[in-house]
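Engineer: Would you mind keeping the following structure in view while I ask a few things?
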Amino acid sequence: MARKDVASMFAVALFIGALAAVPTSVQSIGVCYGVIGNNLPSRSDVVQLYRSKGINGMRIYFADGQALSALRNSGIGLILDIGNDQLSNIAASTSNAASWVQNNVRPYYPAVNIKYIAAGNEVQGGDTQSIVPAMRNLYAALSAAGLGAIKVSTSIRFDAVANSFPPSAGVFAQSYMTDVARLLESTGAPLLANVYPYFAYRDNPRDISLNYATFQPGTSVRDQNNGLTYTSLFDAMVHAVYAALEKAGAPGVKVVISESGWPSAGGFAASADSSRTYNQGLINHVGGGTPKKREALETYIFAMFNENQKTGDPTERSFGLFNPDKSPAYNIQFK
């Protein structure tokens, strides 16, 4: 999850939308399932909780065999991360990628509805050079195994985008992202982006209003370059990602919001009320898309549970929609 300096990102899921009884005919809510805690429910109990709440999308951060087994025949669409610790190994050779697919995809698919494989989450520094080779090798391995319907992408921190205000000025900060974008365009896969208005607001509350950051009325920001008016920081941030893709020569690549959320404790503006307001606003909002693209925006909320063993910023342990005993952290409606 993005823990970064976003003070300069001013004004800058699953499908979240109306749900019906038949999962194949509706957009679905995705929620990220992290397991860095010593008091969390069993994998099978978690899958049942997703189903009971009508949450039809999940992201897991490594090839968790117990979770994958529990997901069999659930209908829940999945983002499956390889885990950053596997990135260099998979980038090193097609045979390594083929072994990973053989061990972690073939035994479960299609009983487990794996939609995307993420070759890295918020990869930083020199490790970024492994992203494109890993994506290429996974794509080749899946194709050779007859599993080409599963798309390969990578999940980026929002600060992979520079010049994010106005949104139309968005451009990728480093050249490797141009290669990522063009590869995604060639394979028809989306870019996975972690988008957190919370951190932008926390780092710049003088210029960003809480209402603008949490889908509440009262703020309008016009981009003179594209003529669009933004009433939510989330939309402005998403459009900065689209602008960066366009400048990279990949205008056809869709964006999937692989993480977004708001902490309920542990830091500035982190409260149960603000968390509920943001996450409910996100659920209600993205089914209608953004001002630039009026189509449902696939979005995954971070996260299912408060994880008591996460390190770093205290807010890290308080992004959960549910407590470890499966009770809701606050009242929220998924459907």
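For the structure tokens, the naming scheme is as follows: chains receive sequential letters (A, B, ...) according to their order of presentation, residues are indexed from 1 within each chain, and ligands are indexed from 1 in presentation order.
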Using only C-alpha atoms, tabulate the residues of segment 254-322 of chain A lying at most 6 Å from any atom of segment 37-48 of chain A, each with its closest atom pair and that distance in Å to one decimal, by chain and increasing residue number, as CSV.
Structural biologist:
```
residue,atom,partner,partner_atom,distance
A:Glu307,CA,A:Gly37,CA,4.7
A:Asn308,CA,A:Gly37,CA,4.9
A:Gln309,CA,A:Gly37,CA,4.8
```
Engineer: Applying 9 Å and only C-alpha atoms, which residues near Asn104 of chain A remain after dropping the ones on its own chain fewer than 5 positions away? List them as number ranges by chain.
Structural biologist: A: 63-65, 68, 99
Engineer: Could you please write out, as a list of chain:residue names, every residue of segment 161-197 of chain A that DSSP assigns to helix (DSSP H, G or I)?
Structural biologist: A:Pro167, A:Ser168, A:Ala169, A:Tyr176, A:Met177, A:Thr178, A:Asp179, A:Val180, A:Ala181, A:Arg182, A:Leu183, A:Leu184, A:Glu185, A:Ser186, A:Thr187, A:Pro197
Engineer: Okay, now the selection with N, CA, C and O atoms, as an mmCIF file, in the first residue's frame?
Structural biologist:
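Wrote selection15.cif, looks like this:
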```cif
data_model
loop_
_atom_site.group_PDB
_atom_site.id
_atom_site.type_symbol
_atom_site.label_atom_id
_atom_site.label_comp_id
_atom_site.auth_asym_id
_atom_site.auth_seq_id
_atom_site.Cartn_x
_atom_site.Cartn_y
_atom_site.Cartn_z
ATOM 1 N N PRO A 167 -4.703 17.591 -13.684
ATOM 2 C CA PRO A 167 -4.649 16.182 -14.082
ATOM 3 C C PRO A 167 -4.140 15.950 -15.501
ATOM 4 O O PRO A 167 -3.417 14.973 -15.745
ATOM 5 N N SER A 168 -4.471 16.834 -16.409
ATOM 6 C CA SER A 168 -4.048 16.661 -17.801
ATOM 7 C C SER A 168 -2.542 16.742 -17.974
ATOM 8 O O SER A 168 -2.012 16.337 -19.012
ATOM 9 N N ALA A 169 -1.829 17.262 -16.970
ATOM 10 C CA ALA A 169 -0.369 17.373 -17.045
ATOM 11 C C ALA A 169 0.341 16.110 -16.581
ATOM 12 O O ALA A 169 1.569 16.030 -16.651
ATOM 13 N N TYR A 176 10.939 3.727 -17.229
ATOM 14 C CA TYR A 176 10.512 2.323 -17.276
ATOM 15 C C TYR A 176 9.005 2.208 -17.405
ATOM 16 O O TYR A 176 8.501 1.211 -17.958
ATOM 17 N N MET A 177 8.272 3.205 -16.918
ATOM 18 C CA MET A 177 6.813 3.137 -16.996
ATOM 19 C C MET A 177 6.308 3.263 -18.429
ATOM 20 O O MET A 177 5.220 2.767 -18.746
ATOM 21 N N THR A 178 7.075 3.909 -19.288
ATOM 22 C CA THR A 178 6.691 3.944 -20.705
ATOM 23 C C THR A 178 6.714 2.540 -21.281
ATOM 24 O O THR A 178 5.811 2.132 -22.029
ATOM 25 N N ASP A 179 7.742 1.775 -20.930
ATOM 26 C CA ASP A 179 7.825 0.388 -21.396
ATOM 27 C C ASP A 179 6.682 -0.448 -20.826
ATOM 28 O O ASP A 179 6.100 -1.282 -21.524
ATOM 29 N N VAL A 180 6.351 -0.240 -19.542
ATOM 30 C CA VAL A 180 5.226 -0.941 -18.927
ATOM 31 C C VAL A 180 3.940 -0.615 -19.680
ATOM 32 O O VAL A 180 3.157 -1.507 -20.046
ATOM 33 N N ALA A 181 3.710 0.672 -19.918
ATOM 34 C CA ALA A 181 2.467 1.109 -20.562
ATOM 35 C C ALA A 181 2.325 0.514 -21.959
ATOM 36 O O ALA A 181 1.243 0.044 -22.347
ATOM 37 N N ARG A 182 3.399 0.516 -22.713
ATOM 38 C CA ARG A 182 3.324 0.008 -24.087
ATOM 39 C C ARG A 182 3.149 -1.507 -24.107
ATOM 40 O O ARG A 182 2.477 -2.043 -24.995
ATOM 41 N N LEU A 183 3.739 -2.187 -23.141
ATOM 42 C CA LEU A 183 3.514 -3.628 -23.052
ATOM 43 C C LEU A 183 2.058 -3.927 -22.722
ATOM 44 O O LEU A 183 1.442 -4.830 -23.308
ATOM 45 N N LEU A 184 1.485 -3.179 -21.794
ATOM 46 C CA LEU A 184 0.075 -3.361 -21.460
ATOM 47 C C LEU A 184 -0.813 -3.107 -22.678
ATOM 48 O O LEU A 184 -1.784 -3.838 -22.911
ATOM 49 N N GLU A 185 -0.494 -2.086 -23.451
ATOM 50 C CA GLU A 185 -1.281 -1.792 -24.648
ATOM 51 C C GLU A 185 -1.221 -2.969 -25.620
ATOM 52 O O GLU A 185 -2.233 -3.337 -26.233
ATOM 53 N N SER A 186 -0.044 -3.580 -25.746
ATOM 54 C CA SER A 186 0.108 -4.670 -26.711
ATOM 55 C C SER A 186 -0.598 -5.942 -26.266
ATOM 56 O O SER A 186 -0.997 -6.763 -27.102
ATOM 57 N N THR A 187 -0.758 -6.134 -24.960
ATOM 58 C CA THR A 187 -1.381 -7.367 -24.456
ATOM 59 C C THR A 187 -2.849 -7.189 -24.077
ATOM 60 O O THR A 187 -3.521 -8.164 -23.759
ATOM 61 N N PRO A 197 -6.425 9.338 -2.058
ATOM 62 C CA PRO A 197 -6.615 10.754 -1.719
ATOM 63 C C PRO A 197 -6.267 11.074 -0.270
ATOM 64 O O PRO A 197 -5.887 12.215 0.031
#
```
Engineer: Might you pull out every residue within 9 Å of Leu87 of chain A, with only C-alpha atoms counted and same-chain residues fewer than 6 positions away left off, and present them as a PyMOL selection string?
Structural biologist: chain A and resi 119-120+127+130-131+134
Engineer: Pull N, CA and C atoms from the residues just selected and write them as a compact mmCIF listing (two decimals), in the first residue's frame.
Structural biologist:
```txt
# COMPACT_ATOMS: atom_id res chain seq x y z
N ALA A 119 2.61 -8.31 -11.36
CA ALA A 119 4.05 -8.53 -11.29
C ALA A 119 4.66 -7.38 -10.48
N GLY A 120 4.49 -7.47 -9.18
CA GLY A 120 5.03 -6.47 -8.29
C GLY A 120 3.98 -5.47 -7.82
N ASP A 127 14.79 -2.34 -8.52
CA ASP A 127 13.89 -3.46 -8.80
C ASP A 127 12.90 -3.16 -9.91
N SER A 130 13.07 -4.96 -13.21
CA SER A 130 12.60 -6.35 -13.34
C SER A 130 11.13 -6.43 -13.74
N ILE A 131 10.42 -5.32 -13.70
CA ILE A 131 8.97 -5.38 -13.92
C ILE A 131 8.64 -5.86 -15.33
N ALA A 134 9.59 -9.51 -16.07
CA ALA A 134 8.69 -10.41 -15.35
C ALA A 134 7.33 -10.46 -16.03
```
Engineer: Which parts of segment 147-335 of chain A does DSSP call strand (DSSP E or B) when run on the backbone here, written out as a PyMOL selection string?
Structural biologist: chain A and resi 151-156+161-162+171-172+191-194+221-222+229-230+255-260+299-301+305+322+328
Engineer: Those selected residues, please, written with C-alpha atoms and delivered as a PDB file, in the first residue's frame.
Structural biologist:
```
ATOM      1  CA  LYS A 151      -4.034 -10.560 -17.828  1.00  0.00           C
ATOM      2  CA  VAL A 152      -0.595  -9.608 -16.520  1.00  0.00           C
ATOM      3  CA  SER A 153       0.068  -6.157 -15.098  1.00  0.00           C
ATOM      4  CA  THR A 154       1.891  -4.423 -12.250  1.00  0.00           C
ATOM      5  CA  SER A 155       0.536  -2.284  -9.432  1.00  0.00           C
ATOM      6  CA  ILE A 156       2.005   1.216  -9.147  1.00  0.00           C
ATOM      7  CA  VAL A 161       2.986   9.875 -11.893  1.00  0.00           C
ATOM      8  CA  ALA A 162       4.595  13.306 -11.850  1.00  0.00           C
ATOM      9  CA  VAL A 171       3.274  12.129 -16.912  1.00  0.00           C
ATOM     10  CA  PHE A 172       5.187   9.103 -15.727  1.00  0.00           C
ATOM     11  CA  LEU A 191      -2.618  -0.767 -15.478  1.00  0.00           C
ATOM     12  CA  LEU A 192      -3.166  -1.423 -11.781  1.00  0.00           C
ATOM     13  CA  ALA A 193      -2.894   1.811  -9.783  1.00  0.00           C
ATOM     14  CA  ASN A 194      -3.026   2.419  -6.040  1.00  0.00           C
ATOM     15  CA  VAL A 221     -11.625  22.201  -9.646  1.00  0.00           C
ATOM     16  CA  ARG A 222     -11.459  22.937 -13.375  1.00  0.00           C
ATOM     17  CA  THR A 229     -14.381  19.931 -13.838  1.00  0.00           C
ATOM     18  CA  TYR A 230     -13.542  17.715 -10.876  1.00  0.00           C
ATOM     19  CA  VAL A 255      -6.887   1.678 -15.370  1.00  0.00           C
ATOM     20  CA  VAL A 256      -7.946  -0.609 -12.533  1.00  0.00           C
ATOM     21  CA  ILE A 257      -7.770   0.910  -9.053  1.00  0.00           C
ATOM     22  CA  SER A 258      -5.969  -1.879  -7.246  1.00  0.00           C
ATOM     23  CA  GLU A 259      -6.053  -0.094  -3.875  1.00  0.00           C
ATOM     24  CA  SER A 260      -7.902   2.857  -2.382  1.00  0.00           C
ATOM     25  CA  THR A 299     -11.816  -0.544  -7.933  1.00  0.00           C
ATOM     26  CA  TYR A 300     -10.535  -2.504  -4.952  1.00  0.00           C
ATOM     27  CA  ILE A 301     -10.901  -1.031  -1.477  1.00  0.00           C
ATOM     28  CA  PHE A 305      -9.357  -6.203   7.941  1.00  0.00           C
ATOM     29  CA  PHE A 322     -13.920  -5.276   9.327  1.00  0.00           C
ATOM     30  CA  PRO A 328     -17.867  -4.246  10.729  1.00  0.00           C
TER      31      PRO A 328
END
```
Engineer: Have a look at atom CA of Ile117 of chain A and atom CA of Leu80 of chain A and let me know their distance in Å, one decimal.
Structural biologist: 4.8 Å
Engineer: Skip Ser220 of chain A itself and residues of its chain fewer than 3 positions away, then list as a list in words all residues within 12 Å of it, counting only C-alpha atoms.
Structural biologist: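 Everything that qualifies: Ala11, Ile208, Ser209, Asn211, Tyr212, Ala213, Phe215, Gln216, Pro217, Asp223, Leu228, Thr229, Tyr230, Thr231, Ser232, Leu233, Asp235 and Ala236 of chain A.
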Engineer: Please produce a file of those selected residues containing all heavy atoms, as a short mmCIF file (atom, residue, chain, number, x, y, z; two decimals), in the first residue's frame.
Structural biologist:
```cif
data_model
loop_
_atom_site.label_atom_id
_atom_site.label_comp_id
_atom_site.auth_asym_id
_atom_site.auth_seq_id
_atom_site.Cartn_x
_atom_site.Cartn_y
_atom_site.Cartn_z
N ALA A 11 -4.85 18.33 -5.65
CA ALA A 11 -6.03 18.18 -6.50
C ALA A 11 -5.97 16.92 -7.35
O ALA A 11 -6.63 16.82 -8.35
CB ALA A 11 -6.24 19.41 -7.35
N ILE A 208 -6.07 21.34 0.00
CA ILE A 208 -7.07 20.33 -0.34
C ILE A 208 -8.09 20.26 0.79
O ILE A 208 -7.73 20.08 1.95
CB ILE A 208 -6.41 18.95 -0.53
CG1 ILE A 208 -5.37 18.98 -1.64
CG2 ILE A 208 -7.47 17.89 -0.83
CD1 ILE A 208 -4.56 17.71 -1.77
N SER A 209 -9.36 20.37 0.45
CA SER A 209 -10.38 20.30 1.49
C SER A 209 -10.75 18.86 1.78
O SER A 209 -10.66 17.98 0.91
CB SER A 209 -11.64 21.07 1.06
OG SER A 209 -12.36 20.35 0.07
N ASN A 211 -13.71 17.72 2.26
CA ASN A 211 -14.87 17.36 1.44
C ASN A 211 -14.44 16.89 0.06
O ASN A 211 -14.95 15.89 -0.47
CB ASN A 211 -15.82 18.55 1.30
CG ASN A 211 -16.74 18.69 2.50
OD1 ASN A 211 -16.68 17.91 3.45
ND2 ASN A 211 -17.59 19.69 2.47
N TYR A 212 -13.49 17.59 -0.55
CA TYR A 212 -13.00 17.25 -1.88
C TYR A 212 -12.32 15.88 -1.86
O TYR A 212 -12.41 15.11 -2.81
CB TYR A 212 -12.02 18.32 -2.34
CG TYR A 212 -11.53 18.20 -3.76
CD1 TYR A 212 -12.40 18.13 -4.84
CD2 TYR A 212 -10.15 18.20 -4.04
CE1 TYR A 212 -11.93 18.04 -6.15
CE2 TYR A 212 -9.68 18.13 -5.33
CZ TYR A 212 -10.57 18.04 -6.38
OH TYR A 212 -10.09 17.96 -7.68
N ALA A 213 -11.67 15.56 -0.75
CA ALA A 213 -10.95 14.30 -0.64
C ALA A 213 -11.85 13.13 -0.32
O ALA A 213 -11.45 11.97 -0.51
CB ALA A 213 -9.86 14.42 0.42
N PHE A 215 -15.33 12.73 -1.31
CA PHE A 215 -16.52 12.65 -2.17
C PHE A 215 -17.70 13.46 -1.63
O PHE A 215 -18.85 13.19 -2.00
CB PHE A 215 -16.97 11.19 -2.35
CG PHE A 215 -15.96 10.32 -3.03
CD1 PHE A 215 -15.17 9.44 -2.29
CD2 PHE A 215 -15.77 10.38 -4.40
CE1 PHE A 215 -14.24 8.63 -2.90
CE2 PHE A 215 -14.82 9.57 -5.03
CZ PHE A 215 -14.06 8.69 -4.27
N GLN A 216 -17.42 14.47 -0.82
CA GLN A 216 -18.49 15.31 -0.31
C GLN A 216 -18.61 16.57 -1.17
O GLN A 216 -17.63 17.01 -1.78
CB GLN A 216 -18.23 15.67 1.15
CG GLN A 216 -18.19 14.48 2.08
CD GLN A 216 -19.48 13.66 2.03
OE1 GLN A 216 -20.53 14.13 2.43
NE2 GLN A 216 -19.39 12.45 1.49
N PRO A 217 -19.79 17.19 -1.23
CA PRO A 217 -19.97 18.36 -2.09
C PRO A 217 -19.26 19.59 -1.56
O PRO A 217 -18.89 19.67 -0.39
CB PRO A 217 -21.49 18.54 -2.09
CG PRO A 217 -21.96 17.91 -0.82
CD PRO A 217 -21.04 16.76 -0.57
N ASP A 223 -9.89 21.89 -14.85
CA ASP A 223 -8.63 21.73 -15.59
C ASP A 223 -8.79 22.49 -16.91
O ASP A 223 -9.54 22.08 -17.79
CB ASP A 223 -8.37 20.25 -15.84
CG ASP A 223 -7.01 19.98 -16.48
OD1 ASP A 223 -6.52 20.84 -17.23
OD2 ASP A 223 -6.44 18.89 -16.24
N LEU A 228 -12.35 19.78 -18.24
CA LEU A 228 -13.14 18.99 -17.30
C LEU A 228 -13.14 19.62 -15.91
O LEU A 228 -12.16 20.25 -15.50
CB LEU A 228 -12.60 17.57 -17.21
CG LEU A 228 -12.68 16.74 -18.50
CD1 LEU A 228 -11.97 15.41 -18.33
CD2 LEU A 228 -14.14 16.52 -18.92
N THR A 229 -14.25 19.44 -15.21
CA THR A 229 -14.38 19.93 -13.84
C THR A 229 -14.44 18.74 -12.89
O THR A 229 -15.20 17.80 -13.11
CB THR A 229 -15.65 20.80 -13.68
OG1 THR A 229 -15.53 21.95 -14.52
CG2 THR A 229 -15.81 21.25 -12.23
N TYR A 230 -13.64 18.80 -11.83
CA TYR A 230 -13.54 17.72 -10.88
C TYR A 230 -14.17 18.13 -9.56
O TYR A 230 -13.89 19.21 -9.03
CB TYR A 230 -12.07 17.34 -10.65
CG TYR A 230 -11.39 16.90 -11.92
CD1 TYR A 230 -10.68 17.81 -12.71
CD2 TYR A 230 -11.48 15.59 -12.36
CE1 TYR A 230 -10.07 17.41 -13.88
CE2 TYR A 230 -10.88 15.17 -13.53
CZ TYR A 230 -10.17 16.10 -14.30
OH TYR A 230 -9.59 15.70 -15.47
N THR A 231 -15.02 17.26 -9.05
CA THR A 231 -15.63 17.51 -7.74
C THR A 231 -15.11 16.53 -6.70
O THR A 231 -15.55 16.55 -5.56
CB THR A 231 -17.16 17.39 -7.83
OG1 THR A 231 -17.51 16.09 -8.32
CG2 THR A 231 -17.73 18.47 -8.75
N SER A 232 -14.15 15.68 -7.09
CA SER A 232 -13.52 14.78 -6.13
C SER A 232 -12.04 14.64 -6.48
O SER A 232 -11.67 14.58 -7.66
CB SER A 232 -14.17 13.40 -6.12
OG SER A 232 -13.84 12.66 -7.28
N LEU A 233 -11.22 14.59 -5.46
CA LEU A 233 -9.78 14.41 -5.65
C LEU A 233 -9.49 13.06 -6.30
O LEU A 233 -8.56 12.94 -7.11
CB LEU A 233 -9.09 14.52 -4.29
CG LEU A 233 -7.57 14.34 -4.25
CD1 LEU A 233 -6.87 15.31 -5.20
CD2 LEU A 233 -7.06 14.53 -2.82
N ASP A 235 -11.13 11.45 -8.64
CA ASP A 235 -11.24 11.56 -10.10
C ASP A 235 -10.03 12.28 -10.69
O ASP A 235 -9.51 11.90 -11.74
CB ASP A 235 -12.51 12.31 -10.48
CG ASP A 235 -13.76 11.45 -10.36
OD1 ASP A 235 -13.65 10.23 -10.19
OD2 ASP A 235 -14.87 12.03 -10.42
N ALA A 236 -9.60 13.35 -10.03
CA ALA A 236 -8.45 14.11 -10.52
C ALA A 236 -7.19 13.23 -10.55
O ALA A 236 -6.41 13.26 -11.51
CB ALA A 236 -8.22 15.34 -9.66
#
```
Engineer: Report as a PyMOL selection string all protein, DNA and RNA residues lying within 7 Å of Cys32 of chain A, evaluated on only C-alpha atoms, omitting residues in the same chain fewer than 4 positions from it.
Structural biologist: chain A and resi 58-60+300-304
Engineer: Pick out the closest residue to Ile114 of chain A from this set: A:Ile55, A:Ile79, A:Ala97, A:Leu245. Count only C-alpha atoms.
Structural biologist: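 Using only C-alpha atoms, Ile114 of chain A sits closest to A:Ile79.
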Engineer: What is the atom CA of Ala149 of chain A to atom CA of Gly188 of chain A distance in Å?
Structural biologist: 10.2 Å
